[in-house]
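File shown: data_22.cif (mmCIF, C-alpha atoms and all ligand atoms).
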```cif
data_coords
#
loop_
_atom_site.label_atom_id
_atom_site.label_comp_id
_atom_site.auth_asym_id
_atom_site.auth_seq_id
_atom_site.Cartn_x
_atom_site.Cartn_y
_atom_site.Cartn_z
CA MET A 79 -29.01 -12.45 -15.74
CA PRO A 80 -29.46 -9.80 -13.03
CA ASP A 81 -27.12 -6.85 -13.11
CA LEU A 82 -23.75 -7.78 -11.53
CA VAL A 83 -23.53 -4.58 -9.49
CA GLU A 84 -27.01 -5.16 -8.03
CA GLU A 85 -26.11 -8.78 -7.24
CA VAL A 86 -22.94 -7.69 -5.43
CA LEU A 87 -24.90 -5.15 -3.39
CA ARG A 88 -27.62 -7.71 -2.58
CA LEU A 89 -25.10 -10.37 -1.49
CA LYS A 90 -23.22 -7.80 0.56
CA ARG A 91 -26.40 -7.06 2.54
CA GLU A 92 -27.31 -10.75 2.85
CA ARG A 93 -23.85 -11.71 4.13
CA GLY A 94 -23.43 -8.72 6.43
CA ALA A 95 -20.26 -8.01 4.46
CA VAL A 96 -18.16 -4.97 3.84
CA ILE A 97 -15.93 -4.43 0.78
CA LEU A 98 -12.63 -2.70 1.49
CA ALA A 99 -10.80 -1.68 -1.68
CA HIS A 100 -7.36 -0.27 -2.35
CA ASN A 101 -7.04 2.95 -4.35
CA TYR A 102 -5.52 1.06 -7.34
CA GLN A 103 -8.56 -1.14 -7.88
CA ARG A 104 -10.43 -1.20 -11.19
CA ARG A 105 -13.08 1.53 -11.58
CA GLU A 106 -15.99 -1.00 -11.40
CA VAL A 107 -14.59 -2.51 -8.19
CA GLN A 108 -14.10 0.93 -6.63
CA ALA A 109 -17.78 1.59 -7.44
CA VAL A 110 -19.06 -1.23 -5.15
CA ALA A 111 -16.62 -0.63 -2.30
CA ASP A 112 -17.76 0.56 1.13
CA PHE A 113 -14.36 2.01 1.82
CA LEU A 114 -11.47 3.04 -0.43
CA GLY A 115 -8.05 3.96 0.86
CA ASP A 116 -4.30 3.48 1.12
CA SER A 117 -2.71 0.66 3.12
CA LEU A 118 -2.83 2.55 6.41
CA ASP A 119 -6.46 3.69 6.16
CA LEU A 120 -7.53 0.22 5.02
CA SER A 121 -5.80 -1.37 8.04
CA LEU A 122 -7.47 1.12 10.38
CA GLU A 123 -10.84 0.45 8.77
CA ALA A 124 -10.27 -3.31 9.00
CA ALA A 125 -9.43 -2.93 12.70
CA ASN A 126 -12.65 -1.02 13.37
CA THR A 127 -15.27 -2.70 11.21
CA ASP A 128 -18.10 -4.63 12.87
CA ALA A 129 -19.10 -6.42 9.66
CA ARG A 130 -19.11 -10.23 9.91
CA VAL A 131 -17.42 -10.70 6.54
CA VAL A 132 -14.70 -8.55 5.00
CA VAL A 133 -14.07 -8.83 1.24
CA PHE A 134 -10.65 -7.38 0.58
CA ALA A 135 -10.31 -5.97 -2.94
CA GLY A 136 -6.57 -5.51 -2.98
CA VAL A 137 -3.48 -7.69 -2.80
CA TYR A 138 -2.85 -10.63 -0.49
CA PHE A 139 -0.63 -8.94 2.12
CA MET A 140 -3.41 -6.38 2.73
CA ALA A 141 -6.01 -9.11 3.28
CA GLU A 142 -3.58 -10.97 5.59
CA THR A 143 -3.15 -7.82 7.68
CA ALA A 144 -6.94 -7.45 7.91
CA ALA A 145 -7.25 -11.12 8.93
CA VAL A 146 -4.71 -10.69 11.74
CA LEU A 147 -6.62 -7.66 13.01
CA ASN A 148 -9.92 -9.58 12.84
CA PRO A 149 -9.32 -13.12 14.09
CA ASP A 150 -13.06 -13.69 14.64
CA LYS A 151 -14.22 -12.49 11.24
CA LEU A 152 -14.23 -14.07 7.83
CA VAL A 153 -11.76 -12.20 5.62
CA LEU A 154 -11.99 -13.07 1.91
CA ILE A 155 -9.81 -12.23 -1.06
CA PRO A 156 -11.40 -12.65 -4.51
CA ASP A 157 -8.16 -13.96 -6.09
CA VAL A 158 -5.38 -15.56 -4.05
CA LYS A 159 -2.85 -14.90 -6.83
CA ALA A 160 -2.99 -11.14 -6.15
CA GLY A 161 0.59 -10.90 -4.88
CA CYS A 162 3.29 -8.24 -4.81
CA THR A 163 6.93 -8.29 -5.95
CA LEU A 164 8.00 -6.63 -2.70
CA VAL A 165 6.51 -9.48 -0.69
CA ASP A 166 8.46 -11.97 -2.81
CA SER A 167 11.77 -10.17 -2.24
CA ILE A 168 12.31 -11.27 1.38
CA ARG A 169 11.56 -14.22 3.66
CA ALA A 170 11.26 -14.33 7.45
CA GLU A 171 14.53 -16.30 7.69
CA ASP A 172 16.34 -13.50 5.81
CA VAL A 173 15.14 -11.02 8.44
CA VAL A 174 16.18 -13.29 11.31
CA LYS A 175 19.65 -13.71 9.80
CA TRP A 176 20.04 -9.95 9.22
CA LYS A 177 18.95 -9.26 12.82
CA ARG A 178 21.66 -11.63 14.06
CA GLU A 179 24.24 -9.51 12.21
CA HIS A 180 22.88 -6.32 13.89
CA PRO A 181 21.85 -7.44 17.39
CA ASN A 182 21.00 -3.87 18.45
CA GLY A 183 18.98 -3.20 15.30
CA VAL A 184 15.25 -2.39 15.10
CA VAL A 185 13.45 -4.01 12.16
CA VAL A 186 10.91 -1.85 10.36
CA ALA A 187 8.94 -3.81 7.76
CA TYR A 188 6.98 -2.08 5.04
CA ILE A 189 3.41 -3.40 5.06
CA ASN A 190 4.16 -4.82 1.58
CA SER A 191 5.71 -7.92 3.15
CA SER A 192 4.46 -11.38 4.14
CA ILE A 193 2.81 -11.99 7.48
CA GLU A 194 5.80 -14.20 8.44
CA VAL A 195 8.14 -11.23 7.88
CA LYS A 196 5.84 -8.99 9.95
CA ALA A 197 5.91 -11.59 12.74
CA VAL A 198 9.71 -11.28 13.09
CA SER A 199 9.76 -7.45 12.75
CA ASP A 200 9.54 -4.80 15.46
CA TYR A 201 7.35 -2.36 13.53
CA VAL A 202 5.22 -2.49 10.43
CA CYS A 203 4.89 0.79 8.52
CA THR A 204 3.13 2.12 5.45
CA SER A 205 4.15 4.86 3.04
CA ALA A 206 1.89 7.20 5.05
CA ASN A 207 3.60 6.82 8.43
CA CYS A 208 7.04 5.34 7.77
CA HIS A 209 9.00 8.55 8.43
CA LYS A 210 7.22 9.07 11.78
CA ILE A 211 7.99 5.51 12.89
CA VAL A 212 11.64 5.70 11.88
CA GLU A 213 11.99 9.11 13.58
CA SER A 214 10.61 7.63 16.82
CA ILE A 215 13.39 5.02 17.03
CA PRO A 216 16.22 6.09 19.36
CA ARG A 217 19.37 7.25 17.56
CA ASP A 218 21.53 4.65 19.31
CA ARG A 219 19.60 1.82 17.59
CA PRO A 220 20.29 1.17 13.90
CA VAL A 221 17.23 0.64 11.72
CA LEU A 222 16.94 -2.42 9.47
CA PHE A 223 14.43 -1.44 6.81
CA VAL A 224 12.77 -4.15 4.68
CA PRO A 225 12.06 -4.78 1.85
CA ASP A 226 11.67 -1.68 -0.41
CA ARG A 227 14.97 0.00 -1.33
CA ASN A 228 13.23 3.01 -2.90
CA LEU A 229 11.06 3.76 0.12
CA GLY A 230 14.10 3.07 2.34
CA ASN A 231 16.21 5.58 0.40
CA TYR A 232 13.45 8.18 0.69
CA ILE A 233 13.11 7.62 4.45
CA ARG A 234 16.86 7.84 4.90
CA TYR A 235 16.82 11.13 2.96
CA VAL A 236 13.97 12.77 4.93
CA THR A 237 15.08 11.56 8.36
CA GLY A 238 18.80 12.10 7.69
CA ARG A 239 19.53 8.73 9.34
CA ASP A 240 22.60 7.10 7.86
CA ASP A 241 22.24 4.25 10.36
CA LEU A 242 19.29 3.02 8.27
CA TYR A 243 20.20 -0.22 6.47
CA ILE A 244 18.04 -1.06 3.49
CA TRP A 245 16.99 -4.39 1.96
CA ASN A 246 17.28 -4.60 -1.82
CA GLY A 247 13.66 -5.23 -2.88
CA ALA A 248 11.50 -3.19 -5.25
CA CYS A 249 8.03 -2.84 -6.66
CA TYR A 250 8.12 -3.78 -10.36
CA VAL A 251 5.67 -0.98 -11.21
CA HIS A 252 7.23 1.94 -9.30
CA ASP A 253 10.83 0.92 -9.95
CA ARG A 254 10.23 1.93 -13.60
CA ILE A 255 9.24 5.46 -12.52
CA THR A 256 12.83 6.68 -12.63
CA TYR A 257 14.40 10.11 -12.26
CA ASP A 258 14.43 10.45 -16.07
CA VAL A 259 10.69 9.70 -16.31
CA LEU A 260 9.91 12.20 -13.54
CA ALA A 261 12.18 14.95 -14.90
CA ARG A 262 10.71 14.57 -18.40
CA VAL A 263 7.06 14.82 -17.25
CA ALA A 264 7.97 17.71 -14.97
CA MET A 265 9.46 19.61 -17.93
CA GLU A 266 6.51 18.75 -20.20
CA ASN A 267 3.96 19.88 -17.57
CA GLY A 268 5.71 22.96 -16.25
CA ASN A 269 2.85 24.30 -14.08
CA SER A 270 1.61 21.01 -12.66
CA VAL A 271 2.32 19.69 -9.19
CA LEU A 272 4.20 16.38 -9.35
CA LEU A 273 2.78 13.85 -6.86
CA VAL A 274 5.27 11.02 -6.32
CA HIS A 275 4.78 7.74 -4.48
CA PRO A 276 7.93 6.95 -2.44
CA GLU A 277 8.18 3.48 -4.03
CA CYS A 278 9.30 5.22 -7.27
CA SER A 279 13.02 4.79 -7.96
CA GLY A 280 13.39 8.48 -8.93
CA THR A 281 11.88 9.91 -5.71
CA VAL A 282 14.98 11.18 -3.90
CA ASP A 283 16.72 12.57 -7.00
CA ILE A 284 13.66 14.46 -8.21
CA LEU A 285 13.23 15.96 -4.74
CA LYS A 286 16.87 17.08 -4.78
CA ASP A 287 16.47 18.62 -8.26
CA ALA A 288 13.02 20.18 -7.74
CA GLY A 289 14.44 23.69 -7.28
CA LYS A 290 16.74 23.44 -10.29
CA LEU A 291 13.91 22.10 -12.50
CA GLY A 292 11.42 24.64 -11.10
CA VAL A 293 8.88 21.93 -10.25
CA ARG A 294 6.63 21.52 -7.23
CA VAL A 295 7.08 17.96 -5.91
CA LYS A 296 5.05 16.29 -3.17
CA VAL A 297 5.84 12.75 -2.01
CA SER A 298 3.00 10.83 -0.38
CA SER A 299 0.97 7.66 -0.04
CA THR A 300 -1.91 7.12 -2.46
CA GLN A 301 -4.44 8.58 -0.02
CA GLY A 302 -2.19 11.60 0.52
CA MET A 303 -2.35 12.15 -3.25
CA VAL A 304 -6.16 12.11 -3.23
CA ARG A 305 -6.09 14.65 -0.39
CA ALA A 306 -3.56 16.86 -2.18
CA VAL A 307 -5.84 17.12 -5.23
CA GLU A 308 -8.89 17.77 -3.01
CA GLU A 309 -7.13 20.54 -1.14
CA SER A 310 -5.84 22.36 -4.19
CA ARG A 311 -8.68 22.41 -6.75
CA GLY A 312 -7.13 25.04 -9.05
CA ASP A 313 -3.90 23.14 -9.73
CA SER A 314 -3.18 20.46 -12.29
CA PHE A 315 -1.30 17.33 -11.21
CA VAL A 316 0.98 14.70 -12.67
CA ILE A 317 0.61 11.49 -10.69
CA ALA A 318 3.62 9.22 -10.35
CA THR A 319 2.12 5.95 -9.18
CA GLU A 320 -0.07 3.10 -10.42
CA THR A 321 -2.64 4.50 -12.86
CA GLY A 322 -5.69 3.23 -10.90
CA LEU A 323 -5.13 6.24 -8.67
CA ILE A 324 -6.32 8.48 -11.52
CA ASP A 325 -9.72 6.69 -11.47
CA ARG A 326 -9.79 7.05 -7.69
CA VAL A 327 -9.17 10.81 -7.85
CA LEU A 328 -11.77 11.27 -10.59
CA ARG A 329 -14.38 9.41 -8.49
CA GLU A 330 -13.91 12.02 -5.80
CA ILE A 331 -13.33 15.06 -8.01
CA PRO A 332 -14.68 14.53 -11.57
CA ASP A 333 -13.24 17.80 -12.88
CA ALA A 334 -9.73 17.28 -11.43
CA LYS A 335 -6.87 17.95 -13.84
CA VAL A 336 -4.76 14.82 -13.42
CA ALA A 337 -2.40 12.96 -15.75
CA PRO A 338 -0.26 9.86 -15.15
CA ALA A 339 3.55 10.19 -15.11
CA LEU A 340 3.84 6.78 -16.78
CA ARG A 341 0.83 5.36 -18.62
CA SER A 342 2.13 1.79 -18.43
CA ALA A 343 2.42 1.89 -14.61
CA VAL A 344 -0.24 -0.78 -14.10
CA CYS A 345 -0.07 -3.36 -11.32
CA GLY A 346 -1.10 -6.71 -12.79
CA PHE A 347 -1.66 -8.09 -9.28
CA MET A 348 -4.13 -5.37 -8.28
CA LYS A 349 -5.92 -5.76 -11.60
CA LEU A 350 -6.52 -9.50 -10.98
CA ILE A 351 -9.47 -8.44 -8.83
CA THR A 352 -12.47 -8.03 -11.14
CA LEU A 353 -16.11 -7.27 -10.37
CA ASP A 354 -17.01 -10.82 -11.35
CA LYS A 355 -14.51 -12.24 -8.84
CA VAL A 356 -15.86 -9.92 -6.12
CA TYR A 357 -19.32 -11.28 -6.90
CA ARG A 358 -18.12 -14.93 -6.71
CA SER A 359 -16.25 -14.14 -3.53
CA LEU A 360 -19.48 -12.99 -1.87
CA ARG A 361 -21.58 -15.77 -3.40
CA ASP A 362 -19.29 -18.70 -2.53
CA LEU A 363 -17.44 -17.11 0.43
CA VAL A 364 -14.08 -17.58 -1.30
CA TYR A 365 -11.17 -17.34 -0.64
CA PRO A 366 -10.81 -17.24 3.14
CA VAL A 367 -7.54 -15.72 4.37
CA ARG A 368 -6.36 -17.52 7.48
CA VAL A 369 -3.13 -16.95 9.38
CA PRO A 370 -1.83 -19.59 11.84
CA GLU A 371 -2.36 -18.24 15.37
CA ASP A 372 1.32 -18.35 16.49
CA ILE A 373 2.32 -16.16 13.51
CA ALA A 374 -0.77 -13.95 13.84
CA ARG A 375 -0.06 -13.31 17.54
CA ARG A 376 3.47 -12.05 16.81
CA ALA A 377 2.51 -10.10 13.68
CA ARG A 378 -0.32 -8.39 15.61
CA VAL A 379 2.27 -6.73 17.86
CA SER A 380 4.18 -5.03 15.02
CA ILE A 381 0.97 -4.20 13.10
CA THR A 382 -0.71 -2.68 16.18
CA ARG A 383 2.36 -0.49 16.76
CA MET A 384 1.94 0.79 13.19
CA LEU A 385 -1.68 1.81 13.86
CA GLU A 386 -0.53 4.17 16.62
CA PHE A 387 1.26 6.37 14.05
CA ARG A 388 -1.34 8.16 11.92
P1 LIG B 1 -0.31 3.00 -0.41
O1 LIG B 1 -0.27 2.51 0.98
O2 LIG B 1 0.32 4.35 -0.59
O3 LIG B 1 -1.71 2.99 -0.95
O4 LIG B 1 0.57 2.04 -1.34
C1 LIG B 1 0.34 0.67 -1.45
C2 LIG B 1 1.04 0.06 -2.57
O5 LIG B 1 1.01 -1.12 -2.78
C3 LIG B 1 1.77 0.94 -3.43
O6 LIG B 1 2.23 0.23 -4.52
FE1 LIG B 2 3.09 -4.49 -4.92
FE2 LIG B 2 3.88 -2.65 -6.63
FE3 LIG B 2 1.56 -3.83 -7.03
FE4 LIG B 2 1.86 -2.09 -4.99
S1 LIG B 2 1.96 -1.65 -7.17
S2 LIG B 2 0.88 -4.10 -4.88
S3 LIG B 2 3.96 -2.51 -4.41
S4 LIG B 2 3.57 -4.83 -7.07
#
```
Show me this structure written as structure tokens.
Amino acid sequence: MPDLVEEVLRLKRERGAVILAHNYQRREVQAVADFLGDSLDLSLEAANTDARVVVFAGVYFMAETAAVLNPDKLVLIPDVKAGCTLVDSIRAEDVVKWKREHPNGVVVAYINSSIEVKAVSDYVCTSANCHKIVESIPRDRPVLFVPDRNLGNYIRYVTGRDDLYIWNGACYVHDRITYDVLARVAMENGNSVLLVHPECSGTVDILKDAGKLGVRVKVSSTQGMVRAVEESRGDSFVIATETGLIDRVLREIPDAKVAPALRSAVCGFMKLITLDKVYRSLRDLVYPVRVPEDIARRARVSITRMLEFR
């Protein structure tokens, strides 16, 4: 049996394929990726690739976004069950109904939502550009933010917009990273910088208490965390997000001093993608991600707006 890594690399060449992988992917999947990043960088890369086939090592909503940006390419996901609890927390008809209650409202949908939700939203955003998008919306238009309540609370806090209405969804991994978890690791690691993903439920309260606790806190997307470690080599870091990010940082900077805030913060959906499934995906060209054109056309508008905010 030839080595699986070699087989993946051979098939990738044969198919004219590119592997885009999210920062939470398993170490062995990260190792065969052509590009690793957060949701925003992956969308930008998907928009610009000239590969014929895109294998998306991530969760379904990410592959759907790539498919909408590449209607003429074959976008594959190695496991169609790679979902997300945020996606499951809201349907397009919920958004339409909410919009009817706020006719002047502007809907901003976190990228962790279905393509049908994106199609009825005004903007899509990621954790990397959400504050910029919300800040660009005129103050006389209320913002309807879906579906992550923790990211919504953080955006409301940093923009100071109390006309931001927030849907009540959450990520099952980051919701468990509470204020108590963050305060405890901050106290146990006094000199470390605390890097917090805004999907964590404790984000706003730890920011408010940072001075009192004497802790340096930085809130960012997963790629922002990789950059923060790169830019500050001398520091040690506690990372409050899914633990795959630790592998991602150590790929880039093997001697980085990084520890997870919560060891059990593991996304079962992200971890469904294995090297073997990536191999089968390339071998059998499975599973194609296709979005009906009427939905894709509408979703492309809100996704393209997102790409303008870097
Ligand atoms: P990033 O865009 O920061 O990588 O986050 C994606 C995600 O799913 C976080 O749980
Ligand atoms: Fe969704 Fe949370 Fe997994 Fe990210 S970590 S893909 S938000 S369930």
Can you build me a table of chain A residues sitting at most 9 Å from ligand LIG 2 (chain B), with the closest atom pair per residue and its distance in Å to one decimal, using all atoms listed in the file, sorted by chain and residue number, as JSON lines?
```
{"residue": "A:Tyr102", "atom": "CA", "partner": "B:LIG2", "partner_atom": "S1", "distance": 8.0}
{"residue": "A:Gly136", "atom": "CA", "partner": "B:LIG2", "partner_atom": "S2", "distance": 7.8}
{"residue": "A:Val137", "atom": "CA", "partner": "B:LIG2", "partner_atom": "S2", "distance": 6.0}
{"residue": "A:Tyr138", "atom": "CA", "partner": "B:LIG2", "partner_atom": "S2", "distance": 8.7}
{"residue": "A:Phe139", "atom": "CA", "partner": "B:LIG2", "partner_atom": "S2", "distance": 8.6}
{"residue": "A:Ala160", "atom": "CA", "partner": "B:LIG2", "partner_atom": "S2", "distance": 8.1}
{"residue": "A:Gly161", "atom": "CA", "partner": "B:LIG2", "partner_atom": "S2", "distance": 6.8}
{"residue": "A:Cys162", "atom": "CA", "partner": "B:LIG2", "partner_atom": "FE1", "distance": 3.8}
{"residue": "A:Thr163", "atom": "CA", "partner": "B:LIG2", "partner_atom": "S4", "distance": 5.0}
{"residue": "A:Leu164", "atom": "CA", "partner": "B:LIG2", "partner_atom": "FE1", "distance": 5.8}
{"residue": "A:Val165", "atom": "CA", "partner": "B:LIG2", "partner_atom": "FE1", "distance": 7.4}
{"residue": "A:Asn190", "atom": "CA", "partner": "B:LIG2", "partner_atom": "S3", "distance": 6.4}
{"residue": "A:Asp226", "atom": "CA", "partner": "B:LIG2", "partner_atom": "S3", "distance": 8.7}
{"residue": "A:Ala248", "atom": "CA", "partner": "B:LIG2", "partner_atom": "S3", "distance": 7.6}
{"residue": "A:Cys249", "atom": "CA", "partner": "B:LIG2", "partner_atom": "FE2", "distance": 4.2}
{"residue": "A:Tyr250", "atom": "CA", "partner": "B:LIG2", "partner_atom": "S4", "distance": 5.7}
{"residue": "A:Val251", "atom": "CA", "partner": "B:LIG2", "partner_atom": "FE2", "distance": 5.2}
{"residue": "A:His252", "atom": "CA", "partner": "B:LIG2", "partner_atom": "FE2", "distance": 6.3}
{"residue": "A:Asp253", "atom": "CA", "partner": "B:LIG2", "partner_atom": "FE2", "distance": 8.5}
{"residue": "A:Glu277", "atom": "CA", "partner": "B:LIG2", "partner_atom": "S3", "distance": 7.3}
{"residue": "A:Thr319", "atom": "CA", "partner": "B:LIG2", "partner_atom": "S1", "distance": 7.9}
{"residue": "A:Glu320", "atom": "CA", "partner": "B:LIG2", "partner_atom": "S1", "distance": 6.1}
{"residue": "A:Ala343", "atom": "CA", "partner": "B:LIG2", "partner_atom": "S1", "distance": 8.3}
{"residue": "A:Val344", "atom": "CA", "partner": "B:LIG2", "partner_atom": "S1", "distance": 7.3}
{"residue": "A:Cys345", "atom": "CA", "partner": "B:LIG2", "partner_atom": "FE3", "distance": 4.6}
{"residue": "A:Gly346", "atom": "CA", "partner": "B:LIG2", "partner_atom": "FE3", "distance": 7.0}
{"residue": "A:Phe347", "atom": "CA", "partner": "B:LIG2", "partner_atom": "FE3", "distance": 5.8}
{"residue": "A:Met348", "atom": "CA", "partner": "B:LIG2", "partner_atom": "FE3", "distance": 6.0}
{"residue": "A:Lys349", "atom": "CA", "partner": "B:LIG2", "partner_atom": "FE3", "distance": 9.0}
```
| query | Counting all atoms listed in the file, what is within 7 Å of stretch 214-219 of chain A, bar same-chain residues fewer than 2 positions away, as a list in words? | reply | Asn182, Gly183, Val184, Lys210, Ile211, Val212 and Val221 of chain A
| A:Asp116, A:Asp362, A:Glu84, A:Glu309: which is nearest ligand LIG 1 (chain B), counting only C-alpha atoms and all ligand atoms? |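 Residue with the minimum atom-to-atom distance to ligand LIG 1 (chain B): A:Asp116.
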| message | For a quick check of understanding, using all atoms listed in the file, which of A:Pro220, A:Pro181, A:Gly302, A:Gly94 has the smallest distance to ligand LIG 1 (chain B)? | response |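 Nearest candidate to ligand LIG 1 (chain B) out of A:Pro220, A:Pro181, A:Gly302, A:Gly94: A:Gly302.
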Which centre and which edge lengths, in Å to one decimal, describe the axis-aligned box that holds all listed atoms of ligand LIG 1 (chain B) after 4 Å is added on each side, as AutoDock Vina command-line options?
```
--center_x 0.3 --center_y 1.6 --center_z -1.8 --size_x 11.9 --size_y 13.5 --size_z 13.5
```
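Among the candidate residues A:Glu194, A:Ile97, A:Val131, A:Ala124, the one lying nearest to A:Ala144 is A:Ala124, with distances computed using all atoms listed in the file.
Proximity of A:His275, A:Ala197, A:Ile155, A:Arg104 to ligand LIG 1 (chain B), computed with only C-alpha atoms and all ligand atoms, is greatest for A:His275.
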| request: Between atom CA of A:Lys196 and atom CA of A:Leu147, measure the distance and give it in Å to one decimal. | output: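 Interatomic distance here is 12.9 Å.
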| Pick from A:Val293, A:Asp258, A:Val379, A:Leu385, whichever lies nearest to A:Asp200 using only C-alpha atoms |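 Checking each of A:Val293, A:Asp258, A:Val379, A:Leu385 against A:Asp200, counting only C-alpha atoms, the winner is A:Val379.
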